[in-house]
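Visitor: Let me begin by handing over the structure; questions about it come next.
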Amino acid sequence: MKTLSLFAAILFSMFSINTATAQTVSTETIKVWGNCGMCKTTIEKAAKKAGAKTADWNEDSKELKVTYAVKKTSSAKIQEAIAKSGYDTQDFTAIQTAYDNLHGCCKYERKADAPKIAEPASAAVYTCPMHADVKSDKPGKCDKCGMDMKEKMKQAVAFSCPMKCEGDKTYDKPGQCAKCGMDLKKQ
């Protein structure tokens with residue numbers, strides 16, 4: 001009798017684990033435009049970087065089969081990563097600059113009916129952490145203090161009064177509003 005109970009408990013546990021796993025893993029087929037083997041490599045790499053456990057793009061059908069953990073990523077995140085690498089997907093259109101950077105054999109006939117990934121506002125802006133007015137389009141040293149302007153310091157943080165005492169005036173350092181004394185908030 002004990003053996004039968006133990007066997008039933010093991011069987012129940014295996015069924016529970018399989019059911020839980022099935023609910024957290026998703027497999028989807030996503031349309032992705034491209035042409036060649038280089039496209040396949042880039043598309044699959046972008047999907048995996050965005051959290052796909054498996055990614056297999058078919059050059060003929062233009063379909064990407066992905067498997068991913070639902071708690072870690074989503075179809076939208078995977079498609080956005082692919083679009084950022086230059087390839088249109090069923091739900092996203094790659095920005096023109098990413099498409100333009102593709103190799104000649106990878107250029108495909110573009111689609112026009114999906115939402116676009118936003119174009120970057122401009123090239124990287126490097127800002128001195130001590131002097132918000134010192135900006136550069138490449139890393140280097142601040143002209144005022146000599147501090148390195150590294151990539152991780154691309155944009156200065158702006159602080160403003162949540163009560164808008166001075167309108168939309170911003171400050172480059174945290175502190176208190178001179179008019180009402182409230183802590184300045186990050187924008």
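Letters for chains follow the order of the structure tokens (A, B, ...), residue numbers begin at 1 for each chain, and ligand numbers begin at 1 in the order shown.
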Residues of segment 52-77 of chain A that have any atom at most 10 Å from an atom of segment 83-89 of chain A: could you tabulate them with the shortest-distance atom pair and the distance in Å to one decimal, using only C-alpha atoms, ordered by chain and increasing number, as a tab-separated table?

Guide:
residue	atom	partner	partner_atom	distance
A:Lys62	CA	A:Thr89	CA	9.5
A:Glu63	CA	A:Thr89	CA	9.4
A:Leu64	CA	A:Thr89	CA	9.5
A:Ala76	CA	A:Thr89	CA	9.8
A:Lys77	CA	A:Ala83	CA	9.8

Visitor: Residues near Lys72 of chain A, anyone? I mean within 12 Å using only C-alpha atoms, not counting same-chain ones fewer than 6 positions away, as a count of residues only.

Guide: 10

Visitor: Which residue gives the smallest distance to Thr41 of chain A among A:Lys71, A:Gln79, A:Ala94, A:Cys106, with only C-alpha atoms counted?

Guide: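 Smallest separation from Thr41 of chain A among the options: A:Cys106.
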
Visitor: Determine the nearest neighbour of Ser75 of chain A from the options A:Ile95, A:Ile30, A:Cys39, A:Ala46, counting only C-alpha atoms.

Guide: A:Ile30

Visitor: Nearest residue to Ala178 of chain A out of A:Cys165, A:Val70, A:Ala47, A:Cys36, using only C-alpha atoms?

Guide: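 Smallest distance to Ala178 of chain A is found for A:Cys165.
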
Visitor: What does the structure give for the distance between atom CA of Asp60 of chain A and atom CA of Asn35 of chain A, in Å to one decimal?

Guide: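 Distance reported for this atom pair: 8.3 Å.
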
Visitor: Interatomic distance between atom CA of Gly37 of chain A and atom CA of Glu109 of chain A?

Guide: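 Distance between the two atoms: 16.6 Å.
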